[in-house]
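The structure appears right after this line, and notes come after that.
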Amino acid sequence: MPKITFMGAGSTVFAKNVLGDCMMTPALEDSTIALYDIDGERLEESRAMLEAINANHGSKARIETYLGVPNRKDALAGANYVVNAIQVGLYEPCTVTDFEVPKKYGLRQTIADTLGIGGIFRALRTIPVMMDFAADMDEVCPAAWFLNYTNPMSMLTGAMLRMTDIKTVGLCHSVQVCAQSLLKRLDMPYDEQVQWKIAGINHMAWLLEITRDGKDLYPQIRAKAVSLTEKHDDMVRFEIMKRFGYYVTESSEHNAEYMPYFIKSKYPELIERFNIPLDEYPRRCVEQIKRWKERGHELTRNPNLTHERSNEYASRIMEAMETNQPAKIGGNVLNTGLIPNLPECAVVEVPCMVDKSGVTPCFTGPLPEQLAALNRTNINVQLLTIKAAATLKKEYIYQAAMLDPHTASELSIDDIVALCDDLIEAHGDWLPKYR
């Protein structure tokens, strides 16, 4: 039976979804599950939670725990699948740094985990850790599949695919919920008769087609979207659809900082107009930490805990590889001509077929030019950030930030360089030494 190693197992709720899914899947229920983290308390909480789910499902899985870097290679040894859900630097100190230092320059953010100055620095401190994972995997499980859930998705997955030989696919749940959440917002029914096609890049992939019984739903969607008059929490995406013609996968708070149009100190009224939640990710972190302290025991000390399979792709990938029964996913993979009007060195999010032979991306064809153009503005930042991590040269950090749509729309070149230098200094040993 397969061995599944979960890196960052202290992400207890996410570990429940992914590993609970595996325990509910007949082809995976007898797996060895190796939990790895550098936080012993959170690791033990996740172990207790998963042991309860396992016990209530016939105790078919074998659960092991591995604490700290000295035990990392043992956690990976012989793994068939490695799920990555780490957060290097956590909320404190690193996420706080990503938000507070840019504020000194008047640069505000919402999530800061995928693009922008926050996404760049999250990638720069995470890529070296993932390179260490890859080196260990080369030694003890070279044939394993690396299933990356950590953000910034495109940068980290791109680094793995371009800088290592590890078989890697990036996974994000925004693809499978996009069409359903859009129709729900517009009070339109969603069922098995609805079909959709999504492609682009992570967090900025596009709902290219959506049909019911073969009939295009976009005319009705666009008409209903324009008719909405009440303020809601998806106004940025609806504005993007109005101006560029298509709905984008990830949330409005994310996309507000992927483009130069919405968070502008010169036009503060845009924040209210588009209902943009500045500093949203720190606020969520504080609330989640508080909620976990108050109610985390409901997961970690509940002997009657059970699980229902979620819509996360990880267990479906493993199941398809183990059984050779094909599954369709939305995956982040290297662009090998899949979307011809995006750079071939970029990571794209496209439909993929999975079976025992692995993950096979599907040719999508060119995107509508306006959508490809928006994607390319984000890809520029991704490629230069990866280059900075590979070369350890500050100039590529500066260039990545200069090309970031939001940062460049707010700051001068001199301020961008100064901001990068301040962030490098503030992060200290969380970053390698750049020259």
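In the structure tokens, chains take the letters A, B, ... in the order shown, each chain's residues start at 1, and ligands count up from 1 in the order shown.
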Dump as JSON lines the rows for residues of stretch 40-92 of chain A within 9 Å of stretch 306-313 of chain A: closest atom pair and distance in Å with one decimal, only C-alpha atoms counted, ordered by chain and rising residue number.
{"residue": "A:Ala52", "atom": "CA", "partner": "A:Thr306", "partner_atom": "CA", "distance": 7.6}
{"residue": "A:Ile53", "atom": "CA", "partner": "A:Thr306", "partner_atom": "CA", "distance": 5.0}
{"residue": "A:Asn54", "atom": "CA", "partner": "A:Thr306", "partner_atom": "CA", "distance": 8.3}
{"residue": "A:Asn56", "atom": "CA", "partner": "A:Thr306", "partner_atom": "CA", "distance": 6.5}
{"residue": "A:His57", "atom": "CA", "partner": "A:Thr306", "partner_atom": "CA", "distance": 7.9}
| request: Name all residues at most 10 Å from stretch 353-368 of chain A (count only C-alpha atoms; drop same-chain ones fewer than 5 positions away) and give them as a ChimeraX atom specification. | output: /A:145,167-169,197-200,206,208,244-246,316-342,348,373,375
List the spatial neighbours of A:Leu217 as a tab-separated table (two decimals) with C-alpha atoms, in the first residue's frame - criterion: any atom at most 12 Å away, only C-alpha atoms, same-chain residues fewer than 3 positions off excluded.
chain	number	residue	atom	x	y	z
A	179	ALA	CA	-18.45	27.92	-11.60
A	182	LEU	CA	-20.59	32.18	-9.55
A	183	LEU	CA	-23.98	30.64	-10.34
A	186	LEU	CA	-26.50	34.99	-9.34
A	188	MET	CA	-28.74	30.33	-11.04
A	189	PRO	CA	-28.97	26.54	-10.57
A	190	TYR	CA	-25.87	24.35	-10.61
A	193	GLN	CA	-25.84	19.43	-16.54
A	194	VAL	CA	-23.50	22.39	-16.09
A	195	GLN	CA	-20.14	21.97	-17.82
A	196	TRP	CA	-17.21	24.36	-17.66
A	207	LEU	CA	-13.83	30.53	-16.74
A	208	LEU	CA	-13.56	30.28	-20.51
A	209	GLU	CA	-16.75	28.29	-21.09
A	210	ILE	CA	-19.81	27.51	-19.01
A	211	THR	CA	-22.82	25.69	-20.48
A	212	ARG	CA	-25.98	23.89	-19.47
A	213	ASP	CA	-27.03	21.10	-21.82
A	214	GLY	CA	-24.66	22.61	-24.35
A	220	GLN	CA	-27.31	35.27	-18.90
A	221	ILE	CA	-24.45	35.47	-16.39
A	222	ARG	CA	-23.24	38.81	-17.74
A	223	ALA	CA	-26.75	40.27	-17.80
A	224	LYS	CA	-27.44	39.19	-14.20
A	246	TYR	CA	-14.67	36.52	-18.37
| request: Name all residues at most 6 Å from stretch 88-102 of chain A (count only C-alpha atoms; drop same-chain ones fewer than 3 positions away) and give them as a PyMOL selection string. | output: chain A and resi 105+107+118+126
Keeping only N, CA, C and O atoms, write those residues as a compact mmCIF listing (two decimals), in the first residue's frame.
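What landed in part.txt:
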# COMPACT_ATOMS: atom_id res chain seq x y z
N TYR A 105 5.69 52.60 3.12
CA TYR A 105 5.82 53.24 1.81
C TYR A 105 4.46 53.58 1.21
O TYR A 105 4.37 53.99 0.05
N LEU A 107 2.09 51.36 0.68
CA LEU A 107 1.65 50.24 -0.16
C LEU A 107 0.78 49.30 0.69
O LEU A 107 1.26 48.68 1.64
N GLY A 118 4.32 41.04 -1.12
CA GLY A 118 4.19 39.97 -0.14
C GLY A 118 4.38 38.60 -0.75
O GLY A 118 5.05 37.73 -0.18
N THR A 126 10.40 30.59 0.99
CA THR A 126 9.89 29.22 0.92
C THR A 126 10.66 28.36 -0.07
O THR A 126 10.87 27.16 0.19
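Restricting the calculation to only C-alpha atoms, the smallest distance between A:Thr407 and any of A:Leu423, A:Leu124, A:Val381, A:Leu76 is found for A:Val381.
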| Nearby residues (only C-alpha atoms) at most 12 Å from A:Ala55, same-chain spacing under 2 positions excluded, as a PyMOL selection string | chain A and resi 20+23+29+47-53+57-63+302-307
Just N, CA, C and O atoms for this one: save the residues we selected as an mmCIF file, in the first residue's frame.
data_model
loop_
_atom_site.group_PDB
_atom_site.id
_atom_site.type_symbol
_atom_site.label_atom_id
_atom_site.label_comp_id
_atom_site.auth_asym_id
_atom_site.auth_seq_id
_atom_site.Cartn_x
_atom_site.Cartn_y
_atom_site.Cartn_z
ATOM 1 N N GLY A 20 -7.904 12.871 5.641
ATOM 2 C CA GLY A 20 -9.207 12.253 5.885
ATOM 3 C C GLY A 20 -9.800 11.727 4.587
ATOM 4 O O GLY A 20 -10.366 10.628 4.540
ATOM 5 N N MET A 23 -8.226 8.424 3.805
ATOM 6 C CA MET A 23 -8.743 7.333 4.634
ATOM 7 C C MET A 23 -10.141 6.897 4.208
ATOM 8 O O MET A 23 -10.538 5.759 4.453
ATOM 9 N N GLU A 29 -7.034 3.600 1.828
ATOM 10 C CA GLU A 29 -7.350 3.524 3.255
ATOM 11 C C GLU A 29 -6.331 2.725 4.065
ATOM 12 O O GLU A 29 -6.224 2.911 5.278
ATOM 13 N N ARG A 47 -1.935 14.483 14.807
ATOM 14 C CA ARG A 47 -1.884 13.020 14.975
ATOM 15 C C ARG A 47 -3.122 12.528 15.717
ATOM 16 O O ARG A 47 -3.763 11.546 15.305
ATOM 17 N N ALA A 48 -3.470 13.200 16.826
ATOM 18 C CA ALA A 48 -4.627 12.779 17.616
ATOM 19 C C ALA A 48 -5.907 12.846 16.785
ATOM 20 O O ALA A 48 -6.758 11.950 16.849
ATOM 21 N N MET A 49 -6.058 13.905 16.017
ATOM 22 C CA MET A 49 -7.240 14.066 15.177
ATOM 23 C C MET A 49 -7.340 12.936 14.152
ATOM 24 O O MET A 49 -8.397 12.306 13.986
ATOM 25 N N LEU A 50 -6.243 12.666 13.461
ATOM 26 C CA LEU A 50 -6.267 11.646 12.409
ATOM 27 C C LEU A 50 -6.399 10.245 12.980
ATOM 28 O O LEU A 50 -7.024 9.373 12.366
ATOM 29 N N GLU A 51 -5.832 10.009 14.150
ATOM 30 C CA GLU A 51 -6.005 8.701 14.808
ATOM 31 C C GLU A 51 -7.476 8.451 15.131
ATOM 32 O O GLU A 51 -7.965 7.324 15.008
ATOM 33 N N ALA A 52 -8.187 9.499 15.543
ATOM 34 C CA ALA A 52 -9.611 9.341 15.846
ATOM 35 C C ALA A 52 -10.389 9.002 14.587
ATOM 36 O O ALA A 52 -11.234 8.081 14.583
ATOM 37 N N ILE A 53 -10.135 9.724 13.496
ATOM 38 C CA ILE A 53 -10.815 9.425 12.231
ATOM 39 C C ILE A 53 -10.492 8.010 11.789
ATOM 40 O O ILE A 53 -11.377 7.240 11.366
ATOM 41 N N HIS A 57 -12.899 4.450 11.350
ATOM 42 C CA HIS A 57 -13.005 3.897 9.997
ATOM 43 C C HIS A 57 -12.276 2.551 9.910
ATOM 44 O O HIS A 57 -11.768 2.164 8.860
ATOM 45 N N GLY A 58 -12.180 1.868 11.034
ATOM 46 C CA GLY A 58 -11.627 0.522 11.036
ATOM 47 C C GLY A 58 -10.128 0.437 11.259
ATOM 48 O O GLY A 58 -9.537 -0.644 11.114
ATOM 49 N N SER A 59 -9.485 1.553 11.624
ATOM 50 C CA SER A 59 -8.040 1.569 11.905
ATOM 51 C C SER A 59 -7.226 0.923 10.786
ATOM 52 O O SER A 59 -6.308 0.133 11.023
ATOM 53 N N LYS A 60 -7.543 1.286 9.574
ATOM 54 C CA LYS A 60 -6.877 0.658 8.425
ATOM 55 C C LYS A 60 -5.552 1.326 8.061
ATOM 56 O O LYS A 60 -4.659 0.683 7.527
ATOM 57 N N ALA A 61 -5.443 2.611 8.336
ATOM 58 C CA ALA A 61 -4.205 3.328 8.012
ATOM 59 C C ALA A 61 -3.202 3.193 9.154
ATOM 60 O O ALA A 61 -3.563 2.922 10.301
ATOM 61 N N ARG A 62 -1.943 3.389 8.809
ATOM 62 C CA ARG A 62 -0.875 3.448 9.812
ATOM 63 C C ARG A 62 -0.362 4.884 9.852
ATOM 64 O O ARG A 62 0.037 5.427 8.832
ATOM 65 N N ILE A 63 -0.400 5.506 11.022
ATOM 66 C CA ILE A 63 -0.049 6.915 11.150
ATOM 67 C C ILE A 63 1.250 7.048 11.936
ATOM 68 O O ILE A 63 1.381 6.504 13.040
ATOM 69 N N ASN A 302 -11.660 14.777 20.093
ATOM 70 C CA ASN A 302 -12.971 14.189 19.866
ATOM 71 C C ASN A 302 -12.810 12.742 19.402
ATOM 72 O O ASN A 302 -12.487 12.491 18.242
ATOM 73 N N PRO A 303 -13.040 11.757 20.293
ATOM 74 C CA PRO A 303 -12.845 10.353 19.907
ATOM 75 C C PRO A 303 -13.865 9.862 18.898
ATOM 76 O O PRO A 303 -13.672 8.816 18.279
ATOM 77 N N ASN A 304 -14.945 10.613 18.717
ATOM 78 C CA ASN A 304 -15.994 10.206 17.777
ATOM 79 C C ASN A 304 -15.873 10.897 16.415
ATOM 80 O O ASN A 304 -16.792 10.840 15.600
ATOM 81 N N LEU A 305 -14.737 11.522 16.174
ATOM 82 C CA LEU A 305 -14.556 12.306 14.962
ATOM 83 C C LEU A 305 -14.626 11.433 13.714
ATOM 84 O O LEU A 305 -14.043 10.351 13.653
ATOM 85 N N THR A 306 -15.355 11.918 12.715
ATOM 86 C CA THR A 306 -15.445 11.233 11.423
ATOM 87 C C THR A 306 -15.127 12.241 10.315
ATOM 88 O O THR A 306 -14.836 13.400 10.584
ATOM 89 N N HIS A 307 -15.206 11.784 9.090
ATOM 90 C CA HIS A 307 -14.857 12.649 7.970
ATOM 91 C C HIS A 307 -15.650 12.223 6.743
ATOM 92 O O HIS A 307 -15.902 11.034 6.525
#
| request: Write out as a list in words the residues lying within 12 Å of stretch 227-232 of chain A, counting only C-alpha atoms and excluding same-chain residues fewer than 3 positions away. | output: Arg185, Leu186, Asp187, Gln220, Ile221, Arg222, Ala223, Lys224, Met235, Val236, Arg237, Phe238, Glu239, Lys242, Ser252, Glu253, Glu272, Arg273, Phe274, Asn275, Ile276 and Pro277 of chain A
Restricted to N, CA, C and O atoms, what would the selected residues look like written as a compact mmCIF listing (two decimals), in the first residue's frame?
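New file result-v6.txt:
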# COMPACT_ATOMS: atom_id res chain seq x y z
N ARG A 185 -24.07 32.89 -6.64
CA ARG A 185 -24.14 34.33 -6.41
C ARG A 185 -25.26 34.96 -7.22
O ARG A 185 -25.93 35.90 -6.78
N LEU A 186 -25.51 34.42 -8.43
CA LEU A 186 -26.50 34.99 -9.34
C LEU A 186 -27.85 34.28 -9.27
O LEU A 186 -28.71 34.50 -10.11
N ASP A 187 -28.01 33.41 -8.26
CA ASP A 187 -29.25 32.65 -8.08
C ASP A 187 -29.59 31.83 -9.32
O ASP A 187 -30.76 31.73 -9.73
N GLN A 220 -26.44 35.10 -20.07
CA GLN A 220 -27.31 35.27 -18.90
C GLN A 220 -26.50 35.70 -17.68
O GLN A 220 -26.94 36.56 -16.90
N ILE A 221 -25.31 35.11 -17.51
CA ILE A 221 -24.45 35.47 -16.39
C ILE A 221 -24.08 36.95 -16.44
O ILE A 221 -24.19 37.67 -15.45
N ARG A 222 -23.66 37.42 -17.61
CA ARG A 222 -23.24 38.81 -17.74
C ARG A 222 -24.41 39.77 -17.50
O ARG A 222 -24.25 40.82 -16.86
N ALA A 223 -25.58 39.41 -17.99
CA ALA A 223 -26.75 40.27 -17.80
C ALA A 223 -27.12 40.35 -16.32
O ALA A 223 -27.42 41.43 -15.79
N LYS A 224 -27.11 39.20 -15.63
CA LYS A 224 -27.44 39.19 -14.20
C LYS A 224 -26.40 39.94 -13.38
O LYS A 224 -26.72 40.63 -12.41
N MET A 235 -17.13 42.07 -5.82
CA MET A 235 -17.32 43.15 -6.78
C MET A 235 -16.12 43.33 -7.72
O MET A 235 -16.28 43.75 -8.86
N VAL A 236 -14.93 43.01 -7.24
CA VAL A 236 -13.75 43.13 -8.11
C VAL A 236 -13.86 42.14 -9.26
O VAL A 236 -13.64 42.50 -10.43
N ARG A 237 -14.20 40.89 -8.97
CA ARG A 237 -14.30 39.90 -10.04
C ARG A 237 -15.41 40.25 -11.03
O ARG A 237 -15.27 40.03 -12.24
N PHE A 238 -16.50 40.80 -10.54
CA PHE A 238 -17.57 41.18 -11.46
C PHE A 238 -17.14 42.36 -12.34
O PHE A 238 -17.52 42.44 -13.51
N GLU A 239 -16.34 43.26 -11.78
CA GLU A 239 -15.82 44.36 -12.59
C GLU A 239 -14.84 43.85 -13.65
O GLU A 239 -14.85 44.31 -14.80
N LYS A 242 -16.88 42.37 -16.33
CA LYS A 242 -17.50 43.44 -17.12
C LYS A 242 -16.52 44.03 -18.12
O LYS A 242 -16.88 44.28 -19.28
N SER A 252 -12.21 38.02 -5.04
CA SER A 252 -12.03 39.44 -5.31
C SER A 252 -10.92 40.05 -4.48
O SER A 252 -10.16 40.90 -4.95
N GLU A 253 -10.79 39.62 -3.20
CA GLU A 253 -9.73 40.20 -2.37
C GLU A 253 -8.35 39.83 -2.92
O GLU A 253 -7.42 40.63 -2.86
N GLU A 272 -13.93 51.53 -1.01
CA GLU A 272 -15.33 51.39 -0.63
C GLU A 272 -16.18 50.98 -1.81
O GLU A 272 -17.07 50.13 -1.68
N ARG A 273 -15.91 51.54 -2.98
CA ARG A 273 -16.73 51.24 -4.15
C ARG A 273 -16.71 49.76 -4.48
O ARG A 273 -17.75 49.17 -4.81
N PHE A 274 -15.53 49.15 -4.41
CA PHE A 274 -15.40 47.74 -4.76
C PHE A 274 -15.34 46.82 -3.53
O PHE A 274 -15.07 45.62 -3.66
N ASN A 275 -15.58 47.41 -2.36
CA ASN A 275 -15.69 46.61 -1.13
C ASN A 275 -14.43 45.76 -0.91
O ASN A 275 -14.51 44.55 -0.68
N ILE A 276 -13.27 46.40 -0.98
CA ILE A 276 -11.98 45.69 -0.90
C ILE A 276 -11.52 45.63 0.54
O ILE A 276 -11.33 46.67 1.19
N PRO A 277 -11.28 44.43 1.08
CA PRO A 277 -10.86 44.30 2.48
C PRO A 277 -9.34 44.38 2.63
O PRO A 277 -8.63 43.37 2.56
| said: So that I can check the surroundings of stretch 429-434 of chain A, please list as a ChimeraX atom specification every protein, DNA and RNA residue that reaches within 10 Å of it, counting only C-alpha atoms and ignoring chain neighbours fewer than 3 positions away. | reply: /A:88-89,93-94,121-128,388-389,391-395,397,423-426
Just write the chosen residues, C-alpha atoms, as an mmCIF file, in the first residue's frame.
data_model
loop_
_atom_site.group_PDB
_atom_site.id
_atom_site.type_symbol
_atom_site.label_atom_id
_atom_site.label_comp_id
_atom_site.auth_asym_id
_atom_site.auth_seq_id
_atom_site.Cartn_x
_atom_site.Cartn_y
_atom_site.Cartn_z
ATOM 1 C CA VAL A 88 7.664 29.274 6.206
ATOM 2 C CA GLY A 89 7.820 32.031 8.799
ATOM 3 C CA PRO A 93 6.971 37.112 12.243
ATOM 4 C CA CYS A 94 6.976 36.826 8.452
ATOM 5 C CA PHE A 121 9.000 37.539 -0.333
ATOM 6 C CA ARG A 122 6.878 34.578 0.690
ATOM 7 C CA ALA A 123 8.334 32.754 -2.320
ATOM 8 C CA LEU A 124 11.905 33.826 -1.541
ATOM 9 C CA ARG A 125 11.765 32.368 1.973
ATOM 10 C CA THR A 126 9.886 29.219 0.920
ATOM 11 C CA ILE A 127 11.787 28.101 -2.200
ATOM 12 C CA PRO A 128 15.010 27.279 -0.284
ATOM 13 C CA ALA A 388 16.156 35.570 -7.897
ATOM 14 C CA ALA A 389 15.841 32.406 -5.823
ATOM 15 C CA THR A 391 20.790 33.027 -8.533
ATOM 16 C CA LEU A 392 20.591 34.791 -5.132
ATOM 17 C CA LYS A 393 20.952 38.133 -6.923
ATOM 18 C CA LYS A 394 19.104 41.146 -5.511
ATOM 19 C CA GLU A 395 18.678 42.706 -8.948
ATOM 20 C CA ILE A 397 14.136 40.790 -6.638
ATOM 21 C CA LEU A 423 12.166 43.644 3.512
ATOM 22 C CA ILE A 424 15.398 41.718 2.990
ATOM 23 C CA GLU A 425 16.768 43.255 6.188
ATOM 24 C CA ALA A 426 13.546 42.720 8.140
#
| task | Give me, please, the distance in Å between atom CA of A:Cys345 and atom CA of A:Ala85, quoted to one decimal. | result | 24.0 Å
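Here the DSSP assignment of strand (DSSP E or B), based on backbone atoms, applies within stretch 79-168 of chain A to A:Tyr81, A:Val82, A:Val83, A:Asn84, A:Trp145, A:Phe146, A:Leu147, A:Asn148, A:Lys167, A:Thr168.
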